[in-house]
Each structure stands twice: as C-alpha cells, then as structure tokens.
Amino acid sequence: MNLLHHTLAASLLLGTVATPVLADSSDSLKGKIQSVDAGRRSFVVGGQTLLTNASTDYDDGLKTFADLKPGMQVKVEHSQRGGTRFAKEIELDD
C-alpha cells in the first residue's frame, strides 16, 4: 500500500509540474521591428519572432500585416504555445 501511495503522489506531482508547460501564456513586448517575413506573416521584435494570423488585431494606425515595417516602434500583446509566439494585438509605441 505504501508503494501505491508514493506512485500516486509522484504521478500527481508530475502532472502539476507539466501542466504550466503545456498551457498558453500571455505577455507583452515592446521594441523596434527588426525584420518582417511576409511569406510566414511573421516579424521580429527584440530578437523574438512573432507570428500573426486572422485574429491579430492592429491598432494606432496599423490596419494589416502589410503596414508593419522594420524600424517601427511597437507594443505587441502575444500568447505563447509550445515555444511559438502569436501576436494578438500590435500597436505603435510612442
């Protein structure tokens, strides 16, 4: 019975530790756009590659992905899933 108790406790602990790794996380990033990849619909800010999709919201004069240019100062709200960052909202940062 003691072995069963330890096995169950270890399983619960592993499940608790693994869950945050699989969950989405949200964050924001500010900086200049370093590069834009139209083919992948992605851009780089602060060394971080961010992907866009149909759900990405553009604000402060930005209307579409085509408005993003290297050198622009932006603030990006994004989520991260499995090491990939997805831009949720992109706005110009003064």
# chains A, B, ... in the order shown; residues from 1 in each chain; ligands from 1
$ select_by_dssp --residues "stretch 35-75 of chain A" --states "strand (DSSP E)" --output "list in words"
Ser35, Val36, Asp37, Ser42, Phe43, Val44, Val45, Gln48, Thr49, Leu50, Leu51, Asp57, Tyr58, Gln73, Val74 and Lys75 of chain A
$ write_last_selection --atoms "N, CA and C atoms" --output "JSON list (two decimals), in the first residue's frame"
[["chain", "number", "residue", "atom", "x", "y", "z"],
["A", 35, "SER", "N", 12.82, 42.87, -38.34],
["A", 35, "SER", "CA", 12.61, 42.32, -39.68],
["A", 35, "SER", "C", 11.17, 41.85, -39.82],
["A", 36, "VAL", "N", 10.75, 41.72, -41.08],
["A", 36, "VAL", "CA", 9.40, 41.27, -41.41],
["A", 36, "VAL", "C", 9.52, 40.18, -42.47],
["A", 37, "ASP", "N", 8.81, 39.07, -42.27],
["A", 37, "ASP", "CA", 8.79, 37.96, -43.22],
["A", 37, "ASP", "C", 7.36, 37.80, -43.74],
["A", 42, "SER", "N", 5.27, 36.82, -40.31],
["A", 42, "SER", "CA", 5.91, 36.95, -39.01],
["A", 42, "SER", "C", 6.81, 38.18, -39.00],
["A", 43, "PHE", "N", 7.18, 38.60, -37.80],
["A", 43, "PHE", "CA", 8.11, 39.72, -37.65],
["A", 43, "PHE", "C", 8.92, 39.49, -36.38],
["A", 44, "VAL", "N", 10.03, 40.22, -36.26],
["A", 44, "VAL", "CA", 10.93, 40.05, -35.13],
["A", 44, "VAL", "C", 11.02, 41.36, -34.35],
["A", 45, "VAL", "N", 10.84, 41.25, -33.03],
["A", 45, "VAL", "CA", 11.00, 42.38, -32.10],
["A", 45, "VAL", "C", 11.84, 41.88, -30.94],
["A", 48, "GLN", "N", 12.79, 38.28, -30.78],
["A", 48, "GLN", "CA", 11.71, 37.30, -30.67],
["A", 48, "GLN", "C", 10.86, 37.30, -31.94],
["A", 49, "THR", "N", 10.66, 36.14, -32.52],
["A", 49, "THR", "CA", 9.81, 36.02, -33.71],
["A", 49, "THR", "C", 8.37, 35.87, -33.28],
["A", 50, "LEU", "N", 7.50, 36.68, -33.87],
["A", 50, "LEU", "CA", 6.07, 36.64, -33.58],
["A", 50, "LEU", "C", 5.32, 36.35, -34.86],
["A", 51, "LEU", "N", 4.41, 35.39, -34.80],
["A", 51, "LEU", "CA", 3.56, 35.06, -35.94],
["A", 51, "LEU", "C", 2.25, 35.81, -35.83],
["A", 57, "ASP", "N", -5.04, 41.68, -33.99],
["A", 57, "ASP", "CA", -5.68, 43.00, -34.00],
["A", 57, "ASP", "C", -4.60, 44.06, -34.21],
["A", 58, "TYR", "N", -4.82, 44.98, -35.15],
["A", 58, "TYR", "CA", -3.88, 46.06, -35.44],
["A", 58, "TYR", "C", -4.50, 47.37, -34.97],
["A", 73, "GLN", "N", 8.53, 51.35, -34.01],
["A", 73, "GLN", "CA", 8.49, 51.08, -32.57],
["A", 73, "GLN", "C", 7.08, 50.57, -32.25],
["A", 74, "VAL", "N", 6.97, 49.34, -31.73],
["A", 74, "VAL", "CA", 5.66, 48.73, -31.49],
["A", 74, "VAL", "C", 5.56, 48.14, -30.08],
["A", 75, "LYS", "N", 4.32, 47.95, -29.68],
["A", 75, "LYS", "CA", 4.00, 47.18, -28.49],
["A", 75, "LYS", "C", 3.15, 46.02, -28.97]]
$ closest_residue --among "A:Lys63, A:Lys69, A:Arg40, A:Lys32" --to "A:Glu89" --atoms "only C-alpha atoms"
A:Lys63
$ residues_around --residues "A:Thr56" --least-positions-apart "2" --cutoff "8 Å" --atoms "only C-alpha atoms" --output "PDB file with C-alpha atoms, in the first residue's frame"
ATOM      1  CA  THR A  52       0.347  36.786 -36.996  1.00  0.00           C
ATOM      2  CA  ASN A  53      -2.967  35.278 -38.106  1.00  0.00           C
ATOM      3  CA  ALA A  54      -6.536  36.302 -38.934  1.00  0.00           C
ATOM      4  CA  TYR A  58      -3.878  46.061 -35.436  1.00  0.00           C
ATOM      5  CA  ALA A  87       0.689  38.278 -31.891  1.00  0.00           C
ATOM      6  CA  LYS A  88      -2.771  39.058 -30.515  1.00  0.00           C
ATOM      7  CA  GLU A  89      -2.534  42.863 -30.757  1.00  0.00           C
ATOM      8  CA  ILE A  90       0.044  45.130 -32.390  1.00  0.00           C
TER       9      ILE A  90
END
$ closest_residue --among "A:Pro70, A:Gly46, A:Phe65, A:Asp59" --to "A:Ser28" --atoms "only C-alpha atoms"
A:Gly46
